[in-house]
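Trainee: Following this message is one structure expressed as structure tokens.
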Protein chains: 2
Amino acid sequence: MASKRDKHVGITPRDEDFSEWYNEIILKSQMADYSPVRGCMVMRPYGFAIWEQVRDSLDRMLKKTGHENAQFPLFIPKSFLVKEAEHVEGFAKECAVVTHSRLKGTDDGVDVDPDSRLEEPLIVRPTSETIINSMYAKWIQSYRDLPLLINQWANVVRWEMRPRLFLRTAEFFWQEGHTVHETEDEAMEEVLRILEIYRSLAEDYLGVPVLKGMKSESEKFAGAERTYTIEAMMQDKRALQAGTSHHLAQNFAKAFQVKFQGRDGKEHFGWQTSWGVSTRLIGALVMVHSDDQGLVVPPRVAPHQIVCVPIFRNDEDKARVLDAAHKMLDPLEEAGIRVKLDDRDQYKPGFKFNEWEQRGVPLRLELGPRDVDNGKAILARRDTGEKLTVEAAEVTARVPGLLEEIQQSLFNRAKEFREKNMHRARSYEELVETLEQKGGFVLAPWDGDEAIEAKVKEETKATIRCIRDEDRGEKAPSIGSDRETDQWAIFARAY
Amino acid sequence: MASKRDKHVGITPRDEDFSEWYNEIILKSQMADYSPVRGCMVMRPYGFAIWEQVRDSLDRMLKKTGHENAQFPLFIPKSFLVKEAEHVEGFAKECAVVTHSRLKGTDDGVDVDPDSRLEEPLIVRPTSETIINSMYAKWIQSYRDLPLLINQWANVVRWEMRPRLFLRTAEFFWQEGHTVHETEDEAMEEVLRILEIYRSLAEDYLGVPVLKGMKSESEKFAGAERTYTIEAMMQDKRALQAGTSHHLAQNFAKAFQVKFQGRDGKEHFGWQTSWGVSTRLIGALVMVHSDDQGLVVPPRVAPHQIVCVPIFRNDEDKARVLDAAHKMLDPLEEAGIRVKLDDRDQYKPGFKFNEWEQRGVPLRLELGPRDVDNGKAILARRDTGEKLTVEAAEVTARVPGLLEEIQQSLFNRAKEFREKNMHRARSYEELVETLEQKGGFVLAPWDGDEAIEAKVKEETKATIRCIRDEDRGEKAPSIGSDRETDQWAIFARAY
């Protein structure tokens, strides 16, 4: 019955139009909606509830490793943004500029009051390195004040020419960590510690397998010395950058005079890192796990881990069925499982089955009067569609294990898909051919030549996603040249 | 010893300069700092951790009552803001206007690119009724979609001429709830349900006693039919509006066409509410509880509920003392108490005592080698300064009760203070005299005459804080007239 409805409701299949499929998944599950503000989206309660799970999971990991949250201003004076040359270069072309502070009535209605022009324009933060470092310069005096490990959950704004729900929106939500250390080694340890936390967030919570590696010079963050990244593969075999961790060296410290008296009594510039993940992760979750029936949410970040759809035709049945449902669900709720009982009268079970399927709830508990009589219940898995008939008395005990199984299975499936779509190429021609014909991630020997990197991008739209130490070893001529290298870079088309 | 240090460190006493005292409490406890952006502050980790406690407490209460979180855009197109006439009137004079989308290099450096002017200016949200209602119009079709109960945690911007840390800042943090109901009665129930939740947040968590009541016409929210408020009294006897809940009637529904098909098959406009509390609550917490030694934080919202300062002179003592400390603290932590062990080597105990006193941690556990030998420990209360010598084995059992006692005692002390400073006046002259000579909250008979309300404000700077049903009863001539009324309004100078 469910599958008939699906055809009726009609989500465009992945194979037909991946991009349209993606939008429909999000709109039909009511995760998000377009807003009347160009490039900005609305996160509806269901999408925001997923983000809350992701946010809280990461927040716990960051706090456990000694990071504290703070809040810095939304606005950045223009003079701050320009202090780090590469940084302003990176963000100047896509920023929201506040120039006035009042509206006033005119003959035509209400307009910007020209007399309210600000002395200095303010930029709505595209990222906060500059404003945060201006405060750090004030707070840090001695090595005793280090390390300083601060994180901020915030909205940031970058105008986007081609906005996409969750993936590229003018305003988006993220966390940005900004740390200061005594030595370069400690800063590098932090960069990698965070990268590992990001890997764990993506893999262990979102069920999204990622590769950890370093960005090439041309792909690194504007103002960083080195950028590390986690890269995931979507079901259309394109890459998605899911989080970055930057080694800033002393670039911002020098621009903003973040100095401390060291153990040697002398003045030193701080060594810094910054790092972030955003609501983009939700886009990755959608594109890695969902299917032609709708959204699939991994249990650990699902707002509802199990939804119960009771089946009844009259009030007497309803009372019996709800009573039996509560006996199964209440202990689950007490054990910390996120349970939803859909006892709405105005909708039929088939409609509810379809709705929760489209919204990706990992487990569905079906329970009717006959089930109650027989002491049975049905558990349906969203990931496989499998239906299990279970003794009523065993439902409570079975659910946590099933959720864990679904979590693992989603991750494994995505990982197998990625492995299957990773290729090797040993020449420029082979690289281009593999990218064009197979897609996916393609490893190729590359010694750092930026001209050839640009040429690959121009010809195939693929970029270097990351470079990993573990791919070193085999020696081969760097693509497009006869210089030998043992460095292999991962090329892919990306979001 | 602690008191000597205090004099040395020197917080300006409340009696000498309340306003300076307030600023110093916040800066010295490292709750917040001034930022280089005019009117914007930085919430440092300690202040933000208090806000996290407040936020999470309220978030739990809102979710329990069926509210869901969502996120709407930061920007509001000018044409949206002007749709509700009173609303734009209320916010036009203090808004941040985004007019351009790029910077570009010029001969003098970097400046706003004049070619990037937006077609329509965007206002950084001062509140979100307009943008949210534009979405509700799309989402709501039938009475089945109601009630719609959405909350948003967000930053908002209103330029402030006289900014004050936490109390009035250009950017501030709040939650704004926006609900739609089938009937006016249901909307009014929601308005009062939220007002009661706000009372509970203020009294049961922040320990800040509040009066619940209605605002006068001149003090209500721009666009509301009626505004309800919770009002608190600070230690300088001035009032602080700590939260508001608005009955919007159908004002915004009509401006934005938020309509639904009712049970009668006909089309109706939705009945709406909106409501918010902000980081201003932290300002109330500071001004209600703190003393001349520094900040005092009520246990339920304290980032650290108990801080342990171990005392040792050598490594052997240190090991013994820390071992004993962990035996007391670990079970507390497991029981959910927020524990801080200050084992920093570079600072002496006296310095730490003073620091945690200034930062308002409710309980301090002092533990030295002799205490360990004698099986004792000292618990010092921040609110009273009282020191209790306690059997080591009993510390764990005593702490939760002591924290509860401190929470209650802070609330009671503040409530007694407010009761002592509430007065009655039966004429205009008596009202003015009481406001000038005694300050505090003054009840006076007032029948709604806006001219006399304005005159009181001009002469004394006092405004009507709220009007309560429970103050009705005694009949008297309305101030400045001979018209009898049984309505009594509460006047006070306010933040």
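Naming scheme: A, B, ... for chains in displayed order of the structure tokens; residues 1 onward per chain; ligands 1 onward as shown.
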Set the cut-off to 7 Å and count only C-alpha atoms: what are the residues of chain A that reach chain B? Output as a PyMOL selection string.
Mentor: chain A and resi 37+40-45+48+68-73+75+77+92-104
Trainee: Give me the residues within 12 Å of Asp373 (chain A) as a list in words, counting only C-alpha atoms and dropping any in the same chain fewer than 5 places off.
Mentor: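 Here the qualifying residues turn out to be Asp317, Arg320, Val321, Ala324, Leu367, Gly368, Glu391 and Ala392 of chain A.
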Trainee: Let me see the file: selected residues, C-alpha atoms, as an mmCIF file, in the first residue's frame.
Mentor:
```cif
data_model
loop_
_atom_site.group_PDB
_atom_site.id
_atom_site.type_symbol
_atom_site.label_atom_id
_atom_site.label_comp_id
_atom_site.auth_asym_id
_atom_site.auth_seq_id
_atom_site.Cartn_x
_atom_site.Cartn_y
_atom_site.Cartn_z
ATOM 1 C CA ASP A 317 -10.242 -0.109 19.594
ATOM 2 C CA ARG A 320 -7.036 -0.601 23.632
ATOM 3 C CA VAL A 321 -4.424 0.091 20.963
ATOM 4 C CA ALA A 324 -0.834 -1.227 24.388
ATOM 5 C CA LEU A 367 -0.140 -1.712 16.029
ATOM 6 C CA GLY A 368 -3.796 -2.662 15.404
ATOM 7 C CA GLU A 391 6.153 -10.338 20.307
ATOM 8 C CA ALA A 392 4.583 -7.333 22.039
#
```
Trainee: Within 7 Å of region 486-489 of chain A, counting only C-alpha atoms, which residues show up once you throw out same-chain ones fewer than 6 positions away? Write them as a list in words, please.
Mentor: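 These residues fall inside the cut-off: Leu443, Ala444, Pro445, Trp446, Asp447, Ile464, Cys466, Ile467, Asp471, Arg472, Gly473, Glu474, Lys475 and Ala476 of chain A.
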Trainee: Identify, with DSSP run on backbone atoms, the residues in region 325-488 of chain A assigned to strand (DSSP E or B), and express the list as JSON, numbers by chain.
Mentor: {"A": [339, 340, 341, 363, 364, 365, 366, 367, 376, 377, 378, 379, 380, 381, 387, 388, 389, 390, 391, 422, 423, 424, 441, 442, 443, 444, 445, 463, 464, 465, 466, 467, 476, 477, 484, 485, 488]}
Trainee: Excluding Pro310 (chain A) and residues on its chain fewer than 6 positions from it, collect all residues at most 9 Å away from it, counting only C-alpha atoms, and give them as a list in words.
Mentor: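 So the residues in contact are Lys318, Val321, Leu322, Ala325, Leu341, Asp342, Asp343, Pro349, Leu365, Glu366, Leu367, Gly368 and Pro369 of chain A.
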Trainee: The selected residues should be written to file as a PDB file, in the first residue's frame (atoms: C-alpha atoms).
Mentor:
```pdb
ATOM      1  CA  LYS A 318      -8.440   3.205  19.894  1.00  0.00           C
ATOM      2  CA  VAL A 321      -4.424   0.091  20.963  1.00  0.00           C
ATOM      3  CA  LEU A 322      -3.136   3.302  22.555  1.00  0.00           C
ATOM      4  CA  ALA A 325       1.311   1.350  22.531  1.00  0.00           C
ATOM      5  CA  LEU A 341       3.168   8.521  18.928  1.00  0.00           C
ATOM      6  CA  ASP A 342       1.107   9.685  15.953  1.00  0.00           C
ATOM      7  CA  ASP A 343      -2.417   9.494  17.353  1.00  0.00           C
ATOM      8  CA  PRO A 349      -2.802   4.984   8.863  1.00  0.00           C
ATOM      9  CA  LEU A 365       5.819   0.575  14.994  1.00  0.00           C
ATOM     10  CA  GLU A 366       2.471  -0.587  13.551  1.00  0.00           C
ATOM     11  CA  LEU A 367      -0.140  -1.712  16.029  1.00  0.00           C
ATOM     12  CA  GLY A 368      -3.796  -2.662  15.404  1.00  0.00           C
ATOM     13  CA  PRO A 369      -6.546  -4.348  17.460  1.00  0.00           C
TER      14      PRO A 369
END
```
Trainee: Residues at most 9 Å from Pro13 (chain A), counting only C-alpha atoms, excluding those fewer than 5 positions away in the same chain, as a short mmCIF file (atom, residue, chain, number, x, y, z; two decimals) with C-alpha atoms, in the first residue's frame?
Mentor:
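After the write, around-v9.cif holds the following:
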```cif
data_model
loop_
_atom_site.label_atom_id
_atom_site.label_comp_id
_atom_site.auth_asym_id
_atom_site.auth_seq_id
_atom_site.Cartn_x
_atom_site.Cartn_y
_atom_site.Cartn_z
CA PHE A 18 19.42 14.09 -8.79
CA GLU A 20 15.38 17.87 -8.36
CA TRP A 21 15.18 14.73 -6.20
CA ASP A 291 16.13 7.12 -1.50
CA ASP A 292 13.31 7.50 -4.01
CA GLN A 293 10.72 7.17 -1.21
#
```
Trainee: Could you check how far CA of Leu195 (chain A) sits from CA of Phe269 (chain A), in Å to one decimal?
Mentor: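 Straight-line distance from CA of Leu195 (chain A) to CA of Phe269 (chain A) works out to 23.9 Å.
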Trainee: Quick one: everything within 10 Å of Glu416 (chain B), counting only C-alpha atoms, minus sequence neighbours fewer than 5 positions away in the same chain. Send it as a PyMOL selection string.
Mentor: chain B and resi 209+411+421
Trainee: Please write the residues from the selection above to a file, keeping N, CA and C atoms, as a PDB file, in the first residue's frame.
Mentor:
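The result, stored in selection27.pdb:
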```pdb
ATOM      1  N   PRO B 209      12.331  37.604  41.533  1.00  0.00           N
ATOM      2  CA  PRO B 209      10.874  37.728  41.670  1.00  0.00           C
ATOM      3  C   PRO B 209      10.321  38.726  40.660  1.00  0.00           C
ATOM      4  N   PHE B 411      16.211  34.091  46.278  1.00  0.00           N
ATOM      5  CA  PHE B 411      14.879  34.509  45.831  1.00  0.00           C
ATOM      6  C   PHE B 411      14.140  35.233  46.960  1.00  0.00           C
ATOM      7  N   ASN B 421       9.789  47.754  49.106  1.00  0.00           N
ATOM      8  CA  ASN B 421       9.875  48.946  48.257  1.00  0.00           C
ATOM      9  C   ASN B 421       8.688  49.109  47.308  1.00  0.00           C
TER      10      ASN B 421
END
```
Trainee: Could you tell me how far CA of Thr396 (chain B) lies from CA of Ile378 (chain B), in Å and to one decimal?
Mentor: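 Distance reported for this atom pair: 12.3 Å.
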Trainee: What's the 12 Å shell around Ala393 (chain B), counting only C-alpha atoms, without same-chain residues fewer than 5 positions away, as a PyMOL selection string?
Mentor: chain B and resi 324-325+327-329+331+371-372+374-377+398-399
Trainee: Measure the distance from CA of Tyr143 (chain A) to CA of Phe260 (chain A) in Å and round it to one decimal.
Mentor: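 That distance, rounded to one decimal, is 6.0 Å.
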Trainee: Which parts of region 65-269 of chain A does DSSP call alpha helix (DSSP H) when run on the backbone here, written out as a PyMOL selection string?
Mentor: chain A and resi 78-81+85-91+129-139+184-200+251-256
Trainee: Output N, CA and C atoms for every residue in that selection, as a compact mmCIF listing (two decimals), in the first residue's frame.
Mentor:
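Result saved to result-v3.txt:
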```
# COMPACT_ATOMS: atom_id res chain seq x y z
N LYS A 78 34.56 47.59 8.42
CA LYS A 78 35.30 47.37 7.16
C LYS A 78 36.81 47.37 7.39
N SER A 79 37.27 48.29 8.26
CA SER A 79 38.71 48.41 8.49
C SER A 79 39.32 47.15 9.10
N PHE A 80 38.49 46.34 9.78
CA PHE A 80 39.00 45.09 10.36
C PHE A 80 39.17 44.03 9.27
N LEU A 81 38.18 43.97 8.40
CA LEU A 81 38.18 42.93 7.37
C LEU A 81 39.40 43.07 6.46
N ALA A 85 45.29 40.66 4.21
CA ALA A 85 45.11 40.92 2.78
C ALA A 85 44.43 39.78 2.02
N GLU A 86 44.90 38.55 2.22
CA GLU A 86 44.30 37.43 1.50
C GLU A 86 42.86 37.22 1.93
N HIS A 87 42.63 37.50 3.23
CA HIS A 87 41.32 37.27 3.81
C HIS A 87 40.27 38.16 3.16
N VAL A 88 40.52 39.45 3.08
CA VAL A 88 39.54 40.37 2.47
C VAL A 88 39.36 40.03 1.00
N GLU A 89 40.44 39.68 0.34
CA GLU A 89 40.39 39.24 -1.06
C GLU A 89 39.40 38.09 -1.23
N GLY A 90 39.40 37.17 -0.25
CA GLY A 90 38.54 36.00 -0.32
C GLY A 90 37.07 36.29 -0.09
N PHE A 91 36.76 37.35 0.65
CA PHE A 91 35.37 37.57 1.03
C PHE A 91 34.73 38.84 0.49
N GLU A 129 37.24 35.63 12.04
CA GLU A 129 38.64 35.74 12.45
C GLU A 129 39.01 37.17 12.88
N THR A 130 38.59 38.16 12.11
CA THR A 130 39.07 39.52 12.36
C THR A 130 38.51 40.09 13.66
N ILE A 131 37.18 40.00 13.84
CA ILE A 131 36.60 40.59 15.04
C ILE A 131 37.05 39.84 16.29
N ILE A 132 37.20 38.53 16.17
CA ILE A 132 37.61 37.74 17.33
C ILE A 132 39.05 38.05 17.70
N ASN A 133 39.92 38.19 16.69
CA ASN A 133 41.32 38.49 17.01
C ASN A 133 41.49 39.87 17.62
N SER A 134 40.61 40.79 17.27
CA SER A 134 40.72 42.11 17.90
C SER A 134 40.46 42.01 19.40
N MET A 135 39.62 41.05 19.82
CA MET A 135 39.37 40.84 21.25
C MET A 135 40.51 40.04 21.89
N TYR A 136 41.00 39.03 21.16
CA TYR A 136 42.08 38.21 21.71
C TYR A 136 43.30 39.07 22.03
N ALA A 137 43.54 40.07 21.20
CA ALA A 137 44.69 40.94 21.42
C ALA A 137 44.58 41.61 22.79
N LYS A 138 43.37 41.83 23.22
CA LYS A 138 43.10 42.50 24.51
C LYS A 138 43.17 41.50 25.67
N TRP A 139 42.72 40.29 25.44
CA TRP A 139 42.58 39.32 26.52
C TRP A 139 43.86 38.55 26.83
N GLU A 184 53.75 26.37 17.56
CA GLU A 184 53.18 25.88 16.30
C GLU A 184 52.77 24.41 16.43
N ASP A 185 53.56 23.63 17.17
CA ASP A 185 53.21 22.22 17.34
C ASP A 185 51.85 22.06 18.02
N GLU A 186 51.64 22.87 19.08
CA GLU A 186 50.36 22.76 19.78
C GLU A 186 49.20 23.16 18.87
N ALA A 187 49.42 24.18 18.04
CA ALA A 187 48.37 24.61 17.11
C ALA A 187 48.06 23.49 16.12
N MET A 188 49.12 22.84 15.61
CA MET A 188 48.90 21.75 14.64
C MET A 188 48.19 20.57 15.29
N GLU A 189 48.53 20.29 16.55
CA GLU A 189 47.81 19.23 17.27
C GLU A 189 46.32 19.55 17.35
N GLU A 190 46.02 20.80 17.62
CA GLU A 190 44.62 21.23 17.72
C GLU A 190 43.91 21.07 16.37
N VAL A 191 44.57 21.50 15.31
CA VAL A 191 43.98 21.38 13.96
C VAL A 191 43.57 19.93 13.70
N LEU A 192 44.45 19.01 14.05
CA LEU A 192 44.18 17.59 13.77
C LEU A 192 43.21 16.98 14.77
N ARG A 193 43.24 17.47 16.03
CA ARG A 193 42.28 17.00 17.04
C ARG A 193 40.86 17.33 16.56
N ILE A 194 40.67 18.56 16.07
CA ILE A 194 39.36 18.99 15.60
C ILE A 194 38.95 18.19 14.35
N LEU A 195 39.92 17.99 13.45
CA LEU A 195 39.60 17.22 12.24
C LEU A 195 39.08 15.82 12.61
N GLU A 196 39.68 15.24 13.64
CA GLU A 196 39.25 13.91 14.09
C GLU A 196 37.85 13.99 14.73
N ILE A 197 37.56 15.08 15.46
CA ILE A 197 36.21 15.26 16.02
C ILE A 197 35.19 15.40 14.89
N TYR A 198 35.57 16.14 13.85
CA TYR A 198 34.67 16.28 12.70
C TYR A 198 34.43 14.94 12.01
N ARG A 199 35.50 14.15 11.88
CA ARG A 199 35.33 12.82 11.29
C ARG A 199 34.34 12.01 12.11
N SER A 200 34.50 12.05 13.42
CA SER A 200 33.62 11.29 14.29
C SER A 200 32.18 11.79 14.17
N ASN A 251 49.42 34.43 10.92
CA ASN A 251 48.94 35.44 9.97
C ASN A 251 48.01 36.46 10.60
N PHE A 252 46.97 35.98 11.30
CA PHE A 252 46.04 36.91 11.93
C PHE A 252 46.64 37.51 13.19
N ALA A 253 47.43 36.73 13.91
CA ALA A 253 48.08 37.24 15.12
C ALA A 253 48.91 38.48 14.78
N LYS A 254 49.60 38.44 13.63
CA LYS A 254 50.41 39.59 13.23
C LYS A 254 49.53 40.75 12.78
N ALA A 255 48.45 40.45 12.06
CA ALA A 255 47.56 41.51 11.60
C ALA A 255 46.85 42.20 12.76
N PHE A 256 46.57 41.46 13.84
CA PHE A 256 45.80 42.02 14.97
C PHE A 256 46.60 42.13 16.26
```
